[in-house]
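Quick look at upload_14.cif (mmCIF, C-alpha atoms and all ligand atoms):
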```cif
data_coords
#
loop_
_atom_site.label_atom_id
_atom_site.label_comp_id
_atom_site.auth_asym_id
_atom_site.auth_seq_id
_atom_site.Cartn_x
_atom_site.Cartn_y
_atom_site.Cartn_z
CA MET Q 1 -1.69 10.13 8.56
CA SER Q 2 -0.25 10.38 12.05
CA ILE Q 3 3.46 11.10 12.40
CA SER Q 4 5.03 9.00 15.10
CA GLN Q 5 8.21 9.71 17.05
CA GLU Q 6 9.91 6.66 15.61
CA PHE Q 7 10.62 8.72 12.48
CA LEU Q 8 13.40 11.26 12.13
CA ILE Q 9 11.17 13.41 10.01
CA GLY Q 10 7.63 13.19 8.72
CA ALA Q 11 5.16 15.15 6.64
CA ALA Q 12 1.43 14.68 6.24
CA GLY Q 13 -0.67 16.44 3.62
CA LEU Q 14 2.14 18.93 3.04
CA CYS Q 15 1.39 21.66 0.47
CA VAL Q 16 3.54 24.56 -0.72
CA ASP Q 17 2.22 27.40 -2.88
CA PHE Q 18 4.29 30.08 -4.59
CA ASP Q 19 2.24 33.07 -5.76
CA GLU Q 20 -0.92 30.99 -5.52
CA ARG Q 21 0.64 28.29 -7.68
CA ARG Q 22 0.66 24.92 -5.94
CA VAL Q 23 4.16 23.47 -6.23
CA LEU Q 24 3.79 20.65 -3.70
CA ASP Q 25 0.42 18.98 -3.28
CA ARG Q 26 -0.50 16.84 -0.27
CA ILE Q 27 2.85 15.16 0.30
CA ASP Q 28 2.94 12.33 2.83
CA LEU Q 29 6.45 11.24 3.72
CA THR Q 30 8.39 9.67 6.54
CA LEU Q 31 12.06 9.01 7.02
CA GLY Q 32 13.15 6.41 9.52
CA GLU Q 33 16.40 5.89 11.40
CA ARG Q 34 19.21 4.57 9.18
CA GLU Q 35 16.98 4.75 6.13
CA ILE Q 36 18.20 6.08 2.78
CA VAL Q 37 15.39 7.77 0.88
CA THR Q 38 15.86 9.32 -2.55
CA LEU Q 39 13.56 11.96 -4.02
CA ILE Q 40 13.47 11.66 -7.76
CA GLY Q 41 11.59 13.71 -10.32
CA PRO Q 42 11.98 15.89 -13.40
CA ASN Q 43 13.09 19.55 -13.35
CA GLY Q 44 10.62 21.70 -11.48
CA ALA Q 45 9.01 18.71 -9.75
CA GLY Q 46 9.46 20.37 -6.36
CA LYS Q 47 12.33 18.26 -5.00
CA THR Q 48 14.37 21.15 -3.63
CA THR Q 49 11.24 22.86 -2.32
CA LEU Q 50 10.31 19.69 -0.46
CA VAL Q 51 13.79 19.36 1.05
CA ARG Q 52 13.79 23.03 2.07
CA THR Q 53 10.37 22.61 3.63
CA LEU Q 54 11.44 19.51 5.55
CA LEU Q 55 14.51 21.39 6.78
CA GLY Q 56 12.33 24.27 8.00
CA LEU Q 57 13.69 26.73 5.42
CA GLN Q 58 10.39 27.04 3.56
CA ARG Q 59 7.00 27.48 5.22
CA PRO Q 60 4.35 25.00 4.14
CA SER Q 61 1.03 26.44 2.98
CA ALA Q 62 -0.85 23.50 4.49
CA GLY Q 63 -0.24 20.16 6.15
CA ARG Q 64 1.78 18.94 9.09
CA LEU Q 65 5.48 18.56 9.51
CA SER Q 66 7.29 16.82 12.30
CA ARG Q 67 10.96 16.51 13.17
CA ARG Q 68 12.37 14.53 16.04
CA PRO Q 69 13.14 17.07 18.77
CA GLY Q 70 16.77 18.14 18.68
CA LEU Q 71 17.39 16.34 15.38
CA ARG Q 72 20.97 16.98 14.22
CA LEU Q 73 21.01 17.69 10.49
CA GLY Q 74 23.91 17.68 8.07
CA TYR Q 75 22.98 19.43 4.83
CA MET Q 76 24.96 19.21 1.62
CA PRO Q 77 23.57 21.87 -0.74
CA GLN Q 78 23.58 21.62 -4.54
CA ARG Q 79 26.34 24.19 -4.63
CA VAL Q 80 28.02 26.82 -2.52
CA THR Q 81 29.32 30.09 -3.81
CA VAL Q 82 32.53 31.28 -2.20
CA ASP Q 83 33.55 34.82 -3.08
CA ALA Q 84 36.61 34.64 -5.34
CA VAL Q 85 38.27 37.54 -3.52
CA MET Q 86 37.89 35.93 -0.10
CA PRO Q 87 40.90 33.72 0.59
CA MET Q 88 39.71 30.49 2.14
CA ASN Q 89 41.34 27.12 2.18
CA VAL Q 90 39.58 23.80 2.67
CA ALA Q 91 40.66 23.47 6.33
CA ARG Q 92 39.20 26.87 7.19
CA PHE Q 93 36.02 26.12 5.25
CA LEU Q 94 35.59 22.89 7.20
CA ARG Q 95 36.29 24.59 10.52
CA LEU Q 96 33.50 27.15 9.94
CA GLY Q 97 31.25 24.71 11.75
CA ALA Q 98 33.43 25.45 14.83
CA ARG Q 99 34.64 21.87 15.17
CA HIS Q 100 37.94 20.72 16.62
CA ARG Q 101 40.92 20.43 14.32
CA ALA Q 102 41.16 16.71 15.11
CA ALA Q 103 37.60 16.13 13.92
CA VAL Q 104 38.29 18.09 10.73
CA ALA Q 105 41.45 16.06 10.06
CA ARG Q 106 39.71 12.76 10.79
CA THR Q 107 36.71 13.51 8.58
CA ALA Q 108 38.90 14.86 5.78
CA ALA Q 109 40.93 11.63 5.88
CA ARG Q 110 37.76 9.53 5.88
CA LEU Q 111 36.66 11.25 2.67
CA GLY Q 112 40.11 11.25 1.07
CA VAL Q 113 40.48 15.04 1.04
CA GLU Q 114 43.21 15.35 3.69
CA GLY Q 115 45.69 16.32 0.97
CA LEU Q 116 43.46 19.27 0.02
CA LEU Q 117 43.24 20.94 3.43
CA GLY Q 118 45.68 23.69 2.43
CA SER Q 119 44.15 24.22 -1.03
CA PRO Q 120 41.97 27.20 -1.88
CA ILE Q 121 38.33 26.22 -1.92
CA GLN Q 122 37.75 28.08 -5.21
CA GLY Q 123 40.24 25.87 -7.07
CA LEU Q 124 38.67 22.49 -6.31
CA SER Q 125 37.38 20.21 -9.05
CA GLY Q 126 33.72 19.13 -9.03
CA GLY Q 127 34.54 15.77 -7.44
CA GLU Q 128 36.83 17.32 -4.80
CA MET Q 129 34.23 19.94 -3.92
CA GLN Q 130 31.61 17.23 -3.58
CA ARG Q 131 33.70 15.41 -0.96
CA VAL Q 132 34.55 18.61 0.89
CA LEU Q 133 30.85 19.54 1.08
CA LEU Q 134 30.05 16.06 2.34
CA ALA Q 135 32.84 16.36 4.94
CA ARG Q 136 31.33 19.65 6.11
CA ALA Q 137 27.92 18.05 6.48
CA LEU Q 138 29.38 15.06 8.38
CA LEU Q 139 31.24 17.32 10.80
CA ARG Q 140 27.89 18.12 12.36
CA ASP Q 141 27.67 14.46 13.38
CA PRO Q 142 24.22 14.31 11.79
CA GLN Q 143 21.41 11.96 12.64
CA LEU Q 144 19.97 12.92 9.26
CA LEU Q 145 22.16 13.67 6.27
CA VAL Q 146 20.40 15.66 3.54
CA LEU Q 147 22.00 15.78 0.11
CA ASP Q 148 20.56 17.92 -2.70
CA GLU Q 149 21.73 16.57 -6.06
CA PRO Q 150 25.09 15.61 -4.57
CA ALA Q 151 26.50 14.18 -7.79
CA GLN Q 152 25.75 17.12 -10.03
CA GLY Q 153 28.71 18.13 -12.19
CA VAL Q 154 30.68 14.98 -11.40
CA ASP Q 155 31.44 12.32 -14.00
CA VAL Q 156 29.46 9.09 -13.94
CA GLY Q 157 32.25 6.87 -12.55
CA LEU Q 158 32.76 9.19 -9.59
CA GLN Q 159 29.00 9.47 -9.06
CA ALA Q 160 28.67 5.71 -8.58
CA ALA Q 161 31.60 5.73 -6.12
CA PHE Q 162 30.03 8.64 -4.28
CA TYR Q 163 26.73 6.81 -3.78
CA ARG Q 164 28.60 3.74 -2.50
CA LEU Q 165 30.34 6.04 -0.03
CA ILE Q 166 26.99 7.42 1.16
CA ARG Q 167 25.80 3.91 1.89
CA GLN Q 168 29.02 3.11 3.77
CA ILE Q 169 28.64 6.27 5.83
CA ARG Q 170 25.08 5.32 6.71
CA ASP Q 171 26.29 1.85 7.76
CA GLU Q 172 29.16 3.27 9.85
CA GLN Q 173 27.45 6.26 11.44
CA GLY Q 174 23.90 5.00 11.56
CA CYS Q 175 22.42 8.22 10.19
CA GLY Q 176 19.34 8.48 8.00
CA VAL Q 177 19.89 9.93 4.52
CA LEU Q 178 17.53 11.99 2.37
CA MET Q 179 18.85 12.77 -1.07
CA VAL Q 180 17.66 14.33 -4.29
CA SER Q 181 18.56 12.89 -7.65
CA HIS Q 182 17.54 13.10 -11.29
CA ASP Q 183 18.85 9.65 -12.05
CA LEU Q 184 17.21 6.62 -10.52
CA HIS Q 185 19.63 4.12 -12.04
CA LEU Q 186 22.62 5.78 -10.42
CA VAL Q 187 21.18 5.77 -6.93
CA MET Q 188 19.41 2.42 -7.07
CA ALA Q 189 22.05 0.41 -5.30
CA ALA Q 190 22.47 3.11 -2.65
CA THR Q 191 18.80 3.65 -1.86
CA ASP Q 192 16.36 1.86 0.41
CA ARG Q 193 13.32 3.73 -0.81
CA VAL Q 194 12.50 6.06 -3.68
CA ILE Q 195 9.85 8.76 -3.72
CA CYS Q 196 8.99 9.79 -7.25
CA LEU Q 197 7.78 13.37 -7.19
CA ASN Q 198 6.07 15.59 -9.71
CA GLY Q 199 4.28 18.15 -7.59
CA HIS Q 200 2.61 15.23 -5.86
CA VAL Q 201 3.99 11.77 -4.97
CA CYS Q 202 3.60 9.76 -8.21
CA CYS Q 203 4.84 6.49 -6.75
CA THR Q 204 7.06 5.28 -3.97
CA GLY Q 205 8.76 2.08 -2.93
CA ARG Q 206 11.95 0.12 -3.34
CA PRO Q 207 14.02 1.28 -6.31
CA GLU Q 208 13.45 -1.80 -8.44
CA ALA Q 209 9.69 -1.56 -7.96
CA VAL Q 210 9.62 2.17 -8.74
CA SER Q 211 11.65 1.63 -11.93
CA ARG Q 212 8.84 -0.61 -13.17
CA ASP Q 213 5.98 1.53 -11.94
CA PRO Q 214 3.84 2.93 -14.79
CA ALA Q 215 3.79 6.37 -13.10
CA TYR Q 216 7.58 6.45 -13.04
CA ARG Q 217 7.81 5.24 -16.64
CA GLN Q 218 5.32 7.82 -17.79
CA LEU Q 219 7.25 10.58 -16.06
CA PHE Q 220 10.64 9.59 -17.44
CA GLY Q 221 9.44 8.04 -20.70
CA GLY Q 222 12.08 6.05 -22.52
CA THR Q 223 14.85 8.31 -21.29
CA ASP Q 224 15.99 6.42 -18.23
CA THR Q 225 16.67 2.92 -19.40
CA ARG Q 226 20.42 3.10 -19.98
CA GLY Q 227 21.60 2.29 -16.49
CA LEU Q 228 19.02 -0.29 -15.54
CA ALA Q 229 20.71 -3.01 -17.56
CA VAL Q 230 24.05 -2.22 -15.94
CA TYR Q 231 22.46 -2.30 -12.54
CA ALA Q 232 20.71 -5.62 -13.21
CA HIS Q 233 24.02 -7.13 -14.32
CA ASP Q 234 25.79 -6.29 -11.04
CA HIS Q 235 22.80 -7.39 -9.11
CA ASP Q 236 22.59 -10.80 -10.80
CA HIS Q 237 26.12 -11.65 -9.68
CA ALA Q 238 25.36 -10.73 -6.10
CA HIS Q 239 22.21 -12.78 -6.20
CA ASP Q 240 24.16 -15.96 -7.00
CA VAL Q 241 26.67 -15.43 -4.23
CA LEU Q 242 24.61 -13.94 -1.40
CA PRO Q 243 21.06 -15.22 -1.53
CA ALA Q 244 18.67 -13.02 0.45
CA MET Q 245 21.39 -11.59 2.69
CA GLY Q 246 22.47 -8.06 3.49
CA GLU Q 247 21.80 -5.13 1.25
CA GLU Q 248 22.12 -7.02 -2.04
CA GLY Q 249 19.72 -9.68 -0.85
CA ALA Q 250 17.21 -7.04 0.19
CA ILE Q 251 17.35 -5.52 -3.29
CA ASP Q 252 17.05 -8.95 -4.90
CA LYS Q 253 13.63 -9.45 -3.40
CA GLY Q 254 12.33 -6.40 -5.24
CA GLY Q 255 13.90 -7.49 -8.54
CA SER Q 256 12.96 -11.16 -8.55
CA ASP Q 257 10.51 -10.88 -11.38
CA ALA Q 258 12.80 -8.81 -13.57
N1 LIG V 301 11.12 30.87 -4.04
C1 LIG V 301 10.35 30.54 -5.08
N2 LIG V 301 9.44 31.42 -5.57
C2 LIG V 301 8.63 31.11 -6.61
N3 LIG V 301 8.67 29.92 -7.25
C3 LIG V 301 9.57 29.03 -6.81
C4 LIG V 301 10.45 29.27 -5.72
N4 LIG V 301 11.24 28.18 -5.51
C5 LIG V 301 10.87 27.28 -6.44
N5 LIG V 301 9.87 27.78 -7.22
C6 LIG V 301 9.19 27.07 -8.30
O1 LIG V 301 8.70 25.87 -7.76
C7 LIG V 301 8.82 24.80 -8.71
C8 LIG V 301 9.62 23.67 -8.09
O2 LIG V 301 10.96 24.08 -7.96
P1 LIG V 301 12.09 23.16 -7.30
O3 LIG V 301 13.37 23.91 -7.37
O4 LIG V 301 11.61 22.72 -5.98
O5 LIG V 301 12.07 21.93 -8.29
P2 LIG V 301 13.16 20.77 -8.44
O6 LIG V 301 12.40 19.50 -8.62
O7 LIG V 301 14.14 20.84 -7.33
O8 LIG V 301 13.82 21.20 -9.83
P3 LIG V 301 15.31 20.92 -10.41
O9 LIG V 301 15.40 19.46 -10.67
O10 LIG V 301 15.31 21.72 -11.67
O11 LIG V 301 16.31 21.42 -9.39
C9 LIG V 301 9.47 25.40 -9.94
O12 LIG V 301 8.45 25.72 -10.87
C10 LIG V 301 10.13 26.66 -9.41
O13 LIG V 301 10.20 27.65 -10.41
#
```

Could the structure of this file be written out as structure tokens, please?
Ligand SMILES: Nc1ncnc2c1ncn2[C@@H]1O[C@H](COP(=O)(O)OP(=O)(O)OP(=O)(O)O)[C@@H](O)[C@H]1O
Amino acid sequence: MSISQEFLIGAAGLCVDFDERRVLDRIDLTLGEREIVTLIGPNGAGKTTLVRTLLGLQRPSAGRLSRRPGLRLGYMPQRVTVDAVMPMNVARFLRLGARHRAAVARTAARLGVEGLLGSPIQGLSGGEMQRVLLARALLRDPQLLVLDEPAQGVDVGLQAAFYRLIRQIRDEQGCGVLMVSHDLHLVMAATDRVICLNGHVCCTGRPEAVSRDPAYRQLFGGTDTRGLAVYAHDHDHAHDVLPAMGEEGAIDKGGSDA
């Protein structure tokens, strides 16, 4: 596979070994401008390793990796550990990226955390921390936003709202998004393309198509059916109102034989 400059990031035949154990095997992947791609897979599938490799934090054992020159990345890690004895409020945490106060205030307001700027970072709830971490990533004005399990530790209602927010941010800022998730049904409406990973790429495509793919079903067994019905319900309403238009219409095409 050749990796062209039209992509923000691309990998061809990417392999990663740890202690002679192959954890990622011949991964081909591209991420285009304004595209939202979700990596999904069971525990130990190599999702974080793949993200770290794409970010340049992990050396591949084989294969080729390409990033657009000068690509601005905003990375939201699974978690951050802030030393309990180090006093740090949210405003200071956000300013660590050396951005102007006005940008910090504007981004905090955009994410609804402006009321938390004076609060100690250690005291935030899971949902508040999630938005603060996203604000920090956005303050880099990223062309590619990378989110590793961004909804972990947050209740399901807030998770759905968070994924809607990610899609809005992509629409407003025009950045590409690469995210990791365990839960296809939660990210379906927020994702353009899914890559189902289990050491190798098991299947890939639009979320509706992946949810029906035998490789995906084999990997997740009967354990991931709960949200699909909910998703299909929302989606049916949109289908009646907005035929083949915008993001809902695009998803409809994939789900037409459901
Ligand atoms: N630095 C490392 N050294 C040795 N093995 C590692 C290292 N990092 C990850 N691994 C192993 O590589 C495999 C893939 O791990 P990775 O964290 O990428 O999976 P994941 O899909 O992100 O898992 P999870 O969903 O549990 O976060 C696991 O077996 C893990 O133990």

If you count all atoms listed in the file, which residues end up within 10 Å of ligand LIG 301 (chain V), as an MDAnalysis selection string?
-> chainID Q and resid 16:24 39:53 58 78 148:149 180:182 197:199

Residue among Q:Val82, Q:Leu124, Q:Leu178, Q:Leu117 lying closest to Leu29 of chain Q, counting only C-alpha atoms = Q:Leu178

Please tell me which residues are no farther than 9 Å from (37.2, 19.7, 4.3) in the file, counting all atoms listed in the file, and write them as a PyMOL selection string.
-> chain Q and resi 89-95+104-105+107-108+111+113-114+116-117+129+131-136

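Between atom CA of Leu96 of chain Q and atom CA of Gly118 of chain Q there is a distance of 14.7 Å.
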
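Of note, atom CA of Leu71 of chain Q and atom CA of Val194 of chain Q are spaced 22.2 Å apart.
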
Correct to one decimal, the distance atom CA of Gly32 of chain Q-atom CA of Gly176 of chain Q is 6.7 Å

Expected answer as a count of residues only: all residues with atoms within 12 Å of (34.2, 32.2, -2.7), only C-alpha atoms | 18
